[in-house]
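J.: So that you have it, the file is model.pdb, and it contains PDB, C-alpha atoms:
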MODEL        1
ATOM      1  CA  MET M   1     120.815 102.462  96.743
ATOM      2  CA  TRP M   2     122.142 104.461  93.790
ATOM      3  CA  SER M   3     125.901 104.234  93.365
ATOM      4  CA  ASP M   4     128.730 104.027  90.851
ATOM      5  CA  ILE M   5     131.408 101.358  90.507
ATOM      6  CA  VAL M   6     134.225 103.915  90.665
ATOM      7  CA  CYS M   7     132.841 105.886  93.618
ATOM      8  CA  PRO M   8     134.971 105.245  96.732
ATOM      9  CA  TRP M   9     132.273 106.626  99.005
ATOM     10  CA  CYS M  10     129.768 104.181  97.495
ATOM     11  CA  TYR M  11     131.656 101.101  98.666
ATOM     12  CA  ILE M  12     131.960 102.679 102.117
ATOM     13  CA  GLY M  13     128.240 103.487 101.994
ATOM     14  CA  LYS M  14     127.448  99.896 101.038
ATOM     15  CA  ARG M  15     129.318  98.594 104.066
ATOM     16  CA  ARG M  16     127.553 101.079 106.332
ATOM     17  CA  LEU M  17     124.173 100.057 104.932
ATOM     18  CA  GLU M  18     125.046  96.428 105.644
ATOM     19  CA  THR M  19     125.921  97.382 109.220
ATOM     20  CA  ALA M  20     122.609  99.230 109.602
ATOM     21  CA  LEU M  21     120.712  96.222 108.274
ATOM     22  CA  SER M  22     122.514  93.930 110.724
ATOM     23  CA  ARG M  23     121.054  96.052 113.539
ATOM     24  CA  PHE M  24     117.558  96.350 112.049
ATOM     25  CA  PRO M  25     115.162  93.796 113.561
ATOM     26  CA  HIS M  26     113.129  93.550 110.350
ATOM     27  CA  ALA M  27     116.060  93.162 107.957
ATOM     28  CA  ASP M  28     114.524  89.995 106.515
ATOM     29  CA  LYS M  29     111.689  92.161 105.191
ATOM     30  CA  VAL M  30     114.054  94.580 103.413
ATOM     31  CA  GLU M  31     114.812  94.239  99.713
ATOM     32  CA  VAL M  32     117.932  96.136  98.646
ATOM     33  CA  VAL M  33     117.939  97.158  94.992
ATOM     34  CA  TRP M  34     121.201  98.341  93.457
ATOM     35  CA  ARG M  35     120.508 101.276  91.143
ATOM     36  CA  SER M  36     122.801 102.685  88.472
ATOM     37  CA  PHE M  37     124.446 106.103  88.511
ATOM     38  CA  GLN M  38     127.430 107.563  86.658
ATOM     39  CA  LEU M  39     129.716 110.065  88.309
ATOM     40  CA  ASP M  40     131.351 111.012  85.026
ATOM     41  CA  PRO M  41     129.415 109.900  81.938
ATOM     42  CA  SER M  42     131.584 112.204  79.805
ATOM     43  CA  ILE M  43     134.462 109.691  79.789
ATOM     44  CA  PRO M  44     134.335 108.010  76.359
ATOM     45  CA  GLU M  45     133.571 104.310  76.395
ATOM     46  CA  GLY M  46     136.729 102.278  75.991
ATOM     47  CA  HIS M  47     138.904 105.084  77.359
ATOM     48  CA  THR M  48     140.584 104.773  80.752
ATOM     49  CA  GLU M  49     142.606 107.304  82.710
ATOM     50  CA  ARG M  50     144.521 107.487  85.951
ATOM     51  CA  THR M  51     142.184 108.636  88.678
ATOM     52  CA  LEU M  52     144.585 110.888  90.605
ATOM     53  CA  PRO M  53     145.465 113.428  87.898
ATOM     54  CA  SER M  54     141.989 113.470  86.388
ATOM     55  CA  VAL M  55     140.222 114.098  89.708
ATOM     56  CA  ALA M  56     142.820 116.685  90.779
ATOM     57  CA  ALA M  57     142.224 118.554  87.524
ATOM     58  CA  LYS M  58     138.461 118.297  87.955
ATOM     59  CA  TYR M  59     138.613 120.018  91.353
ATOM     60  CA  GLY M  60     141.403 122.428  90.424
ATOM     61  CA  ILE M  61     143.895 121.301  93.052
ATOM     62  CA  SER M  62     147.383 119.818  92.905
ATOM     63  CA  GLU M  63     147.982 116.089  92.772
ATOM     64  CA  ASP M  64     149.654 116.258  96.176
ATOM     65  CA  GLN M  65     146.565 117.875  97.661
ATOM     66  CA  MET M  66     144.321 115.275  96.047
ATOM     67  CA  ARG M  67     146.588 112.469  97.244
ATOM     68  CA  ALA M  68     146.215 113.755 100.807
ATOM     69  CA  GLN M  69     142.420 113.811 100.448
ATOM     70  CA  MET M  70     142.502 110.291  99.056
ATOM     71  CA  ARG M  71     144.475 109.082 102.051
ATOM     72  CA  ARG M  72     141.736 110.360 104.348
ATOM     73  CA  VAL M  73     139.150 108.412 102.368
ATOM     74  CA  GLU M  74     141.396 105.346 102.479
ATOM     75  CA  ASP M  75     141.489 105.590 106.268
ATOM     76  CA  LEU M  76     137.689 105.712 106.424
ATOM     77  CA  ALA M  77     137.495 102.758 104.058
ATOM     78  CA  ALA M  78     139.919 100.803 106.216
ATOM     79  CA  ALA M  79     137.586 101.329 109.179
ATOM     80  CA  GLU M  80     134.964  99.478 107.146
ATOM     81  CA  GLY M  81     137.366  96.646 106.342
ATOM     82  CA  LEU M  82     138.173  97.876 102.829
ATOM     83  CA  ASP M  83     141.649  98.098 101.291
ATOM     84  CA  TYR M  84     141.873 101.148  99.014
ATOM     85  CA  ASP M  85     144.762 102.501  96.947
ATOM     86  CA  LEU M  86     143.009 105.428  95.318
ATOM     87  CA  ALA M  87     146.065 107.285  94.041
ATOM     88  CA  ASN M  88     146.920 104.328  91.803
ATOM     89  CA  GLY M  89     143.372 103.749  90.624
ATOM     90  CA  VAL M  90     142.041 103.881  87.078
ATOM     91  CA  SER M  91     138.757 105.433  85.982
ATOM     92  CA  GLY M  92     136.608 104.833  82.943
ATOM     93  CA  ASN M  93     133.054 104.774  81.661
ATOM     94  CA  THR M  94     130.916 102.471  83.816
ATOM     95  CA  LEU M  95     127.902 101.956  81.553
ATOM     96  CA  LEU M  96     128.813  98.355  80.773
ATOM     97  CA  ALA M  97     129.406  97.504  84.432
ATOM     98  CA  HIS M  98     125.967  98.828  85.351
ATOM     99  CA  GLN M  99     124.392  96.806  82.562
ATOM    100  CA  LEU M 100     126.093  93.728  83.981
ATOM    101  CA  ILE M 101     124.491  94.368  87.379
ATOM    102  CA  HIS M 102     121.057  94.504  85.735
ATOM    103  CA  LEU M 103     121.750  91.234  83.949
ATOM    104  CA  ALA M 104     122.840  89.627  87.210
ATOM    105  CA  ALA M 105     119.780  90.977  89.033
ATOM    106  CA  GLY M 106     117.583  89.110  86.564
ATOM    107  CA  HIS M 107     119.240  85.918  87.798
ATOM    108  CA  GLY M 108     118.909  86.856  91.486
ATOM    109  CA  LEU M 109     122.606  87.759  91.645
ATOM    110  CA  GLY M 110     122.481  91.543  91.657
ATOM    111  CA  ALA M 111     123.973  91.943  95.150
ATOM    112  CA  GLN M 112     126.769  89.481  94.411
ATOM    113  CA  MET M 113     127.604  91.239  91.147
ATOM    114  CA  LYS M 114     127.648  94.656  92.777
ATOM    115  CA  GLU M 115     130.040  93.460  95.458
ATOM    116  CA  ARG M 116     132.251  91.662  92.934
ATOM    117  CA  LEU M 117     132.624  94.763  90.762
ATOM    118  CA  LEU M 118     133.414  97.074  93.678
ATOM    119  CA  HIS M 119     135.918  94.611  95.089
ATOM    120  CA  ALA M 120     137.573  94.152  91.700
ATOM    121  CA  ASN M 121     137.884  97.888  91.128
ATOM    122  CA  PHE M 122     138.963  99.084  94.563
ATOM    123  CA  GLU M 123     140.706  96.152  96.203
ATOM    124  CA  GLU M 124     142.066  94.133  93.293
ATOM    125  CA  ARG M 125     142.776  97.152  91.075
ATOM    126  CA  ARG M 126     141.279  95.303  88.111
ATOM    127  CA  PRO M 127     139.658  97.031  85.080
ATOM    128  CA  VAL M 128     135.863  96.985  85.005
ATOM    129  CA  PHE M 129     135.226  99.074  81.906
ATOM    130  CA  ASP M 130     135.148  96.710  78.913
ATOM    131  CA  VAL M 131     133.474  93.479  77.903
ATOM    132  CA  GLU M 132     136.606  91.330  78.139
ATOM    133  CA  SER M 133     137.249  92.513  81.695
ATOM    134  CA  LEU M 134     133.627  92.109  82.793
ATOM    135  CA  VAL M 135     132.920  88.625  81.434
ATOM    136  CA  PRO M 136     135.146  86.768  83.960
ATOM    137  CA  LEU M 137     133.724  88.857  86.810
ATOM    138  CA  GLY M 138     130.233  87.829  85.769
ATOM    139  CA  VAL M 139     131.332  84.200  85.649
ATOM    140  CA  ASP M 140     132.761  84.584  89.159
ATOM    141  CA  VAL M 141     129.278  85.145  90.589
ATOM    142  CA  GLY M 142     127.648  82.363  88.592
ATOM    143  CA  LEU M 143     126.609  83.948  85.292
ATOM    144  CA  ASP M 144     127.159  82.262  81.963
ATOM    145  CA  GLY M 145     130.083  83.865  80.143
ATOM    146  CA  ASP M 146     128.438  83.683  76.720
ATOM    147  CA  GLU M 147     125.275  85.317  78.049
ATOM    148  CA  VAL M 148     127.303  88.109  79.644
ATOM    149  CA  ARG M 149     129.185  88.767  76.432
ATOM    150  CA  GLU M 150     125.998  88.771  74.371
ATOM    151  CA  ALA M 151     124.055  91.006  76.762
ATOM    152  CA  LEU M 152     126.853  93.574  76.983
ATOM    153  CA  SER M 153     127.345  93.531  73.211
ATOM    154  CA  ASP M 154     123.691  94.091  72.305
ATOM    155  CA  ARG M 155     123.177  96.544  75.198
ATOM    156  CA  ARG M 156     119.802  95.147  76.125
ATOM    157  CA  PHE M 157     120.056  96.594  79.639
ATOM    158  CA  LEU M 158     121.129 100.095  78.631
ATOM    159  CA  PRO M 159     117.540 101.446  78.866
ATOM    160  CA  ALA M 160     117.318 100.114  82.438
ATOM    161  CA  VAL M 161     120.539 101.909  83.363
ATOM    162  CA  ARG M 162     119.302 105.138  81.807
ATOM    163  CA  HIS M 163     116.020 104.776  83.693
ATOM    164  CA  ASP M 164     117.822 104.380  87.025
ATOM    165  CA  ILE M 165     119.821 107.541  86.411
ATOM    166  CA  ALA M 166     116.733 109.513  85.377
ATOM    167  CA  THR M 167     114.851 108.287  88.447
ATOM    168  CA  ALA M 168     117.651 109.423  90.743
ATOM    169  CA  ARG M 169     117.477 112.898  89.220
ATOM    170  CA  ALA M 170     113.688 112.961  89.600
ATOM    171  CA  LEU M 171     114.042 112.073  93.284
ATOM    172  CA  GLY M 172     116.592 114.825  93.845
ATOM    173  CA  GLY M 173     119.711 112.688  93.759
ATOM    174  CA  ASN M 174     122.604 114.558  92.173
ATOM    175  CA  GLY M 175     125.392 112.490  93.664
ATOM    176  CA  VAL M 176     126.064 109.087  95.170
ATOM    177  CA  PRO M 177     125.686 107.142  97.319
ATOM    178  CA  PHE M 178     121.998 107.981  97.418
ATOM    179  CA  PHE M 179     119.645 105.962  99.618
ATOM    180  CA  VAL M 180     115.875 105.940  99.191
ATOM    181  CA  VAL M 181     113.479 103.865 101.301
ATOM    182  CA  ASP M 182     109.947 103.215 100.031
ATOM    183  CA  ARG M 183     110.377 106.154  97.639
ATOM    184  CA  ALA M 184     109.529 108.357 100.630
ATOM    185  CA  TYR M 185     112.683 108.798 102.718
ATOM    186  CA  GLY M 186     116.129 109.594 101.409
ATOM    187  CA  ALA M 187     119.696 110.287 102.455
ATOM    188  CA  SER M 188     122.694 111.366 100.411
ATOM    189  CA  GLY M 189     126.309 110.527 101.070
ATOM    190  CA  ALA M 190     128.029 107.702 102.938
ATOM    191  CA  GLN M 191     125.961 108.245 106.054
ATOM    192  CA  PRO M 192     126.905 106.556 109.346
ATOM    193  CA  PRO M 193     125.071 103.289 110.060
ATOM    194  CA  GLU M 194     123.097 105.043 112.815
ATOM    195  CA  VAL M 195     121.574 107.467 110.302
ATOM    196  CA  LEU M 196     120.680 104.696 107.881
ATOM    197  CA  LEU M 197     119.182 102.661 110.710
ATOM    198  CA  GLN M 198     117.006 105.619 111.690
ATOM    199  CA  LEU M 199     115.876 105.856 108.060
ATOM    200  CA  LEU M 200     114.857 102.198 108.070
ATOM    201  CA  GLU M 201     113.117 102.490 111.432
ATOM    202  CA  ARG M 202     111.128 105.530 110.347
ATOM    203  CA  ALA M 203     110.002 103.889 107.130
ATOM    204  CA  TRP M 204     109.049 100.727 109.023
ATOM    205  CA  ALA M 205     107.083 102.639 111.645
ATOM    206  CA  ASP M 206     105.169 104.621 109.034
ATOM    207  CA  SER M 207     104.307 101.529 107.008
ATOM    208  CA  HIS M 208     103.381  99.436 110.083
ATOM    209  CA  PRO M 209     101.255 101.635 112.372
ATOM    210  CA  LEU M 210     100.655 100.325 115.862
ATOM    211  CA  THR M 211      97.432  98.372 116.255
ATOM    212  CA  THR M 212      97.810  97.432 119.909
ATOM    213  CA  VAL M 213      94.532  96.332 121.530
ATOM    214  CA  PRO M 214      94.468  96.613 125.341
ATOM    215  CA  ALA M 215      93.446  93.679 127.456
ATOM    216  CA  ALA M 216      89.810  93.771 128.605
ATOM    217  CA  ASP M 217      90.685  94.107 132.308
ATOM    218  CA  ALA M 218      92.876  97.107 131.565
ATOM    219  CA  CYS M 219      89.808  99.241 130.854
ATOM    220  CA  ASP M 220      87.658  98.540 133.893
ATOM    221  CA  ASP M 221      87.622 102.194 134.877
ATOM    222  CA  GLY M 222      85.983 103.198 131.609
ATOM    223  CA  SER M 223      89.171 104.497 129.994
ATOM    224  CA  CYS M 224      92.146 102.860 128.360
ATOM    225  CA  ALA M 225      95.703 104.098 128.232
ATOM    226  CA  ILE M 226      97.951 102.689 125.527
TER     227      ILE M 226
ENDMDL
END
Rewrite the structure from the file as structure tokens, please.

T.:
Amino acid sequence: MWSDIVCPWCYIGKRRLETALSRFPHADKVEVVWRSFQLDPSIPEGHTERTLPSVAAKYGISEDQMRAQMRRVEDLAAAEGLDYDLANGVSGNTLLAHQLIHLAAGHGLGAQMKERLLHANFEERRPVFDVESLVPLGVDVGLDGDEVREALSDRRFLPAVRHDIATARALGGNGVPFFVVDRAYGASGAQPPEVLLQLLERAWADSHPLTTVPAADACDDGSCAI
């Protein structure tokens, strides 16, 4: 799943993917990999801005109109158990946050880090755009604070983030959330769990063709029906 930390649809999409997996009988065979994507890489690192006016300006509508659209997204988020307050949110460059997820993944904590960052941004209204803000969040999921600070300072995971973004583009992903299964089946947007479940089922069926062998006494007429 490709997503961004500041994408409200991505947190909704994550919850819907989790619902789909809870209904998928082979969920224990599924590995979910959290891939990096930036909605707005033009925001300078270290700079933050209020989300409402910046997004309203981006789409050329009034703040009141954007606030109304945000309320609709908040209602959808609430249906997934999420508590949004988008009009009072803050946006910034998410490169460091994505690097932190890659660091955590190397310790088997990628899923926990992804969830912690989304929760901090959308439900706690905490900054997730600088080293000092990210270190305690990394510690929260079990990472060593000194290692987090060092890794984010030397940017050792920046190439991995860039690679994720380039791969999304190569696969036709121009927005997030973007789901790809087995690099063969994809879906864009915060799709309903039913759609994501169908995606998983199709990929499973194609990678596990039926090999049913009929019982011997089922073919006594010289033909077998399967």

J.: At a cut-off of 7 Å, using all atoms listed in the file, what residues contact stretch 118-121 of chain M? Leave out same-chain residues fewer than 6 positions from it and give the result as number ranges by chain.

T.: M: 5, 11, 127-128

J.: Using all atoms listed in the file, which residues of stretch 17-121 of chain M come within 10 Å of stretch 139-147 of chain M, and what is the closest atom pair for each, with the distance in Å to one decimal? Give it as JSON lines, sorted by chain and residue number.

T.:
{"residue": "M:Leu100", "atom": "CA", "partner": "M:Leu143", "partner_atom": "CA", "distance": 9.9}
{"residue": "M:Leu103", "atom": "CA", "partner": "M:Leu143", "partner_atom": "CA", "distance": 8.9}
{"residue": "M:Ala104", "atom": "CA", "partner": "M:Leu143", "partner_atom": "CA", "distance": 7.1}
{"residue": "M:His107", "atom": "CA", "partner": "M:Leu143", "partner_atom": "CA", "distance": 8.0}
{"residue": "M:Leu109", "atom": "CA", "partner": "M:Val141", "partner_atom": "CA", "distance": 7.2}
{"residue": "M:Gly110", "atom": "CA", "partner": "M:Val141", "partner_atom": "CA", "distance": 9.4}
{"residue": "M:Ala111", "atom": "CA", "partner": "M:Val141", "partner_atom": "CA", "distance": 9.8}
{"residue": "M:Gln112", "atom": "CA", "partner": "M:Val141", "partner_atom": "CA", "distance": 6.3}
{"residue": "M:Met113", "atom": "CA", "partner": "M:Val141", "partner_atom": "CA", "distance": 6.3}
{"residue": "M:Lys114", "atom": "CA", "partner": "M:Val141", "partner_atom": "CA", "distance": 9.9}
{"residue": "M:Glu115", "atom": "CA", "partner": "M:Val141", "partner_atom": "CA", "distance": 9.7}
{"residue": "M:Arg116", "atom": "CA", "partner": "M:Val141", "partner_atom": "CA", "distance": 7.5}

J.: Could you write out as number ranges by chain the residues that the PyMOL selection byres ((chain M and resi 187) around 12) matches in the shown file?

T.: M: 1-2, 13, 17, 168, 171-181, 183-186, 188-193, 195-200

J.: Convert the current residue selection to file output with C-alpha atoms, as a tab-separated table (two decimals), in the coordinates of the input.

T.:
chain	number	residue	atom	x	y	z
M	1	MET	CA	120.82	102.46	96.74
M	2	TRP	CA	122.14	104.46	93.79
M	13	GLY	CA	128.24	103.49	101.99
M	17	LEU	CA	124.17	100.06	104.93
M	168	ALA	CA	117.65	109.42	90.74
M	171	LEU	CA	114.04	112.07	93.28
M	172	GLY	CA	116.59	114.82	93.84
M	173	GLY	CA	119.71	112.69	93.76
M	174	ASN	CA	122.60	114.56	92.17
M	175	GLY	CA	125.39	112.49	93.66
M	176	VAL	CA	126.06	109.09	95.17
M	177	PRO	CA	125.69	107.14	97.32
M	178	PHE	CA	122.00	107.98	97.42
M	179	PHE	CA	119.64	105.96	99.62
M	180	VAL	CA	115.88	105.94	99.19
M	181	VAL	CA	113.48	103.86	101.30
M	183	ARG	CA	110.38	106.15	97.64
M	184	ALA	CA	109.53	108.36	100.63
M	185	TYR	CA	112.68	108.80	102.72
M	186	GLY	CA	116.13	109.59	101.41
M	188	SER	CA	122.69	111.37	100.41
M	189	GLY	CA	126.31	110.53	101.07
M	190	ALA	CA	128.03	107.70	102.94
M	191	GLN	CA	125.96	108.24	106.05
M	192	PRO	CA	126.90	106.56	109.35
M	193	PRO	CA	125.07	103.29	110.06
M	195	VAL	CA	121.57	107.47	110.30
M	196	LEU	CA	120.68	104.70	107.88
M	197	LEU	CA	119.18	102.66	110.71
M	198	GLN	CA	117.01	105.62	111.69
M	199	LEU	CA	115.88	105.86	108.06
M	200	LEU	CA	114.86	102.20	108.07

J.: May I have the residues within 9 Å of M:Ser36 as number ranges by chain, using all atoms listed in the file and disregarding those fewer than 4 positions away in the same chain?

T.: M: 1-5, 95, 98-99, 101-102, 160-165, 168

J.: Give the answer as one residue: which of M:Gln69, M:His26, M:Gly138, M:Tyr84 has the shortest atom-to-atom distance to M:Ala151, using all atoms listed in the file?

T.: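 The shortest atom-to-atom distance to M:Ala151 comes from M:Gly138.
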
J.: At what distance in Å, to one decimal, does atom CA of M:Phe37 lie from atom CA of M:Glu201?

T.: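 A separation of 25.8 Å between them.
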
J.: Given 6 Å of margin on each side, can you work out the centre and size in Å (one decimal) of an axis-aligned box holding every listed atom of stretch 114-122 of chain M, as AutoDock Vina command-line options?

T.:
--center_x 133.3 --center_y 95.4 --center_z 93.1 --size_x 23.3 --size_y 19.4 --size_z 16.7

J.: How many Å separate atom CA of M:His47 from atom CA of M:Gly106?

T.: 28.2 Å

J.: Would you kindly identify which residues have an atom no farther than 7 Å from (142.6, 105.8, 91.6), using all atoms listed in the file and the file's own coordinates, and write them out as an NGL selection string?

T.: :M and (50-52 or 85-91)

J.: Take the residues from that selection and write them out as a PDB file, keeping the file's coordinate frame, keeping C-alpha atoms.

T.:
ATOM      1  CA  ARG M  50     144.521 107.487  85.951  1.00  0.00           C
ATOM      2  CA  THR M  51     142.184 108.636  88.678  1.00  0.00           C
ATOM      3  CA  LEU M  52     144.585 110.888  90.605  1.00  0.00           C
ATOM      4  CA  ASP M  85     144.762 102.501  96.947  1.00  0.00           C
ATOM      5  CA  LEU M  86     143.009 105.428  95.318  1.00  0.00           C
ATOM      6  CA  ALA M  87     146.065 107.285  94.041  1.00  0.00           C
ATOM      7  CA  ASN M  88     146.920 104.328  91.803  1.00  0.00           C
ATOM      8  CA  GLY M  89     143.372 103.749  90.624  1.00  0.00           C
ATOM      9  CA  VAL M  90     142.041 103.881  87.078  1.00  0.00           C
ATOM     10  CA  SER M  91     138.757 105.433  85.982  1.00  0.00           C
TER      11      SER M  91
END

J.: Point out the residue among M:Leu152, M:Val32, M:Leu134, M:Ile12 with the least atom-to-atom distance to M:Gly108, counting all atoms listed in the file.

T.: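 Checking each of M:Leu152, M:Val32, M:Leu134, M:Ile12 against M:Gly108, counting all atoms listed in the file, the winner is M:Val32.
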
J.: What is the atom CA of M:Arg71-atom CA of M:Pro41 distance in Å, reported with one decimal?

T.: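 The value is 25.1 Å.
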
J.: Show me as a list of chain:residue names the residues that reach within 12 Å of (143.0, 114.8, 98.1), counting only C-alpha atoms and using the file's own coordinates.

T.: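 Neighbouring residues, ordered by chain and number, come to M:Thr51, M:Leu52, M:Pro53, M:Ser54, M:Val55, M:Ala56, M:Ala57, M:Lys58, M:Tyr59, M:Gly60, M:Ile61, M:Ser62, M:Glu63, M:Asp64, M:Gln65, M:Met66, M:Arg67, M:Ala68, M:Gln69, M:Met70, M:Arg71, M:Arg72, M:Val73, M:Glu74, M:Leu86, M:Ala87.
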
J.: Can you write out the residues you just picked, keeping C-alpha atoms, as a CSV table (one decimal), in the coordinates of the input?

T.:
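After the write, result-v6.csv holds the following:
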chain,number,residue,atom,x,y,z
M,51,THR,CA,142.2,108.6,88.7
M,52,LEU,CA,144.6,110.9,90.6
M,53,PRO,CA,145.5,113.4,87.9
M,54,SER,CA,142.0,113.5,86.4
M,55,VAL,CA,140.2,114.1,89.7
M,56,ALA,CA,142.8,116.7,90.8
M,57,ALA,CA,142.2,118.6,87.5
M,58,LYS,CA,138.5,118.3,88.0
M,59,TYR,CA,138.6,120.0,91.4
M,60,GLY,CA,141.4,122.4,90.4
M,61,ILE,CA,143.9,121.3,93.1
M,62,SER,CA,147.4,119.8,92.9
M,63,GLU,CA,148.0,116.1,92.8
M,64,ASP,CA,149.7,116.3,96.2
M,65,GLN,CA,146.6,117.9,97.7
M,66,MET,CA,144.3,115.3,96.0
M,67,ARG,CA,146.6,112.5,97.2
M,68,ALA,CA,146.2,113.8,100.8
M,69,GLN,CA,142.4,113.8,100.4
M,70,MET,CA,142.5,110.3,99.1
M,71,ARG,CA,144.5,109.1,102.1
M,72,ARG,CA,141.7,110.4,104.3
M,73,VAL,CA,139.2,108.4,102.4
M,74,GLU,CA,141.4,105.3,102.5
M,86,LEU,CA,143.0,105.4,95.3
M,87,ALA,CA,146.1,107.3,94.0

J.: What does the PyMOL selection byres ((chain M and resi 30) around 12) select in this file, as number ranges by chain?

T.: M: 17-18, 20-22, 24-29, 31-33, 181-182, 200-201, 203-204

J.: Could you write stretch 140-147 of chain M as a JSON list (two decimals), keeping the file's coordinate frame, with all heavy atoms rebuilt where they are missing?

T.:
[["chain", "number", "residue", "atom", "x", "y", "z"],
["M", 140, "ASP", "N", 132.40, 84.77, 87.75],
["M", 140, "ASP", "CA", 132.76, 84.58, 89.16],
["M", 140, "ASP", "C", 131.54, 84.47, 90.06],
["M", 140, "ASP", "O", 131.58, 83.78, 91.09],
["M", 140, "ASP", "CB", 133.64, 85.74, 89.65],
["M", 140, "ASP", "CG", 135.08, 85.63, 89.18],
["M", 140, "ASP", "OD1", 135.46, 84.58, 88.65],
["M", 140, "ASP", "OD2", 135.82, 86.63, 89.34],
["M", 141, "VAL", "N", 130.46, 85.18, 89.72],
["M", 141, "VAL", "CA", 129.28, 85.14, 90.59],
["M", 141, "VAL", "C", 128.24, 84.14, 90.12],
["M", 141, "VAL", "O", 127.16, 84.03, 90.72],
["M", 141, "VAL", "CB", 128.63, 86.55, 90.72],
["M", 141, "VAL", "CG1", 129.64, 87.55, 91.24],
["M", 141, "VAL", "CG2", 128.02, 87.01, 89.40],
["M", 142, "GLY", "N", 128.55, 83.42, 89.04],
["M", 142, "GLY", "CA", 127.65, 82.36, 88.59],
["M", 142, "GLY", "C", 126.92, 82.61, 87.29],
["M", 142, "GLY", "O", 126.06, 81.80, 86.90],
["M", 143, "LEU", "N", 127.23, 83.69, 86.59],
["M", 143, "LEU", "CA", 126.61, 83.95, 85.29],
["M", 143, "LEU", "C", 127.31, 83.16, 84.19],
["M", 143, "LEU", "O", 128.49, 82.80, 84.31],
["M", 143, "LEU", "CB", 126.66, 85.44, 84.97],
["M", 143, "LEU", "CG", 125.89, 86.37, 85.92],
["M", 143, "LEU", "CD1", 126.11, 87.83, 85.52],
["M", 143, "LEU", "CD2", 124.39, 86.05, 85.93],
["M", 144, "ASP", "N", 126.58, 82.92, 83.12],
["M", 144, "ASP", "CA", 127.16, 82.26, 81.96],
["M", 144, "ASP", "C", 127.96, 83.27, 81.15],
["M", 144, "ASP", "O", 127.45, 84.35, 80.80],
["M", 144, "ASP", "CB", 126.04, 81.65, 81.10],
["M", 144, "ASP", "CG", 126.58, 81.01, 79.84],
["M", 144, "ASP", "OD1", 127.13, 79.90, 79.92],
["M", 144, "ASP", "OD2", 126.47, 81.65, 78.77],
["M", 145, "GLY", "N", 129.20, 82.93, 80.84],
["M", 145, "GLY", "CA", 130.08, 83.86, 80.14],
["M", 145, "GLY", "C", 129.55, 84.28, 78.79],
["M", 145, "GLY", "O", 129.65, 85.46, 78.41],
["M", 146, "ASP", "N", 128.97, 83.35, 78.04],
["M", 146, "ASP", "CA", 128.44, 83.68, 76.72],
["M", 146, "ASP", "C", 127.26, 84.63, 76.83],
["M", 146, "ASP", "O", 127.10, 85.56, 76.03],
["M", 146, "ASP", "CB", 128.01, 82.41, 75.99],
["M", 146, "ASP", "CG", 129.19, 81.55, 75.55],
["M", 146, "ASP", "OD1", 130.31, 82.10, 75.43],
["M", 146, "ASP", "OD2", 128.99, 80.34, 75.35],
["M", 147, "GLU", "N", 126.41, 84.42, 77.85],
["M", 147, "GLU", "CA", 125.28, 85.32, 78.05],
["M", 147, "GLU", "C", 125.75, 86.72, 78.43],
["M", 147, "GLU", "O", 125.20, 87.72, 77.95],
["M", 147, "GLU", "CB", 124.34, 84.78, 79.13],
["M", 147, "GLU", "CG", 123.10, 85.64, 79.32],
["M", 147, "GLU", "CD", 122.19, 85.18, 80.45],
["M", 147, "GLU", "OE1", 122.63, 84.30, 81.22],
["M", 147, "GLU", "OE2", 121.07, 85.71, 80.55]]
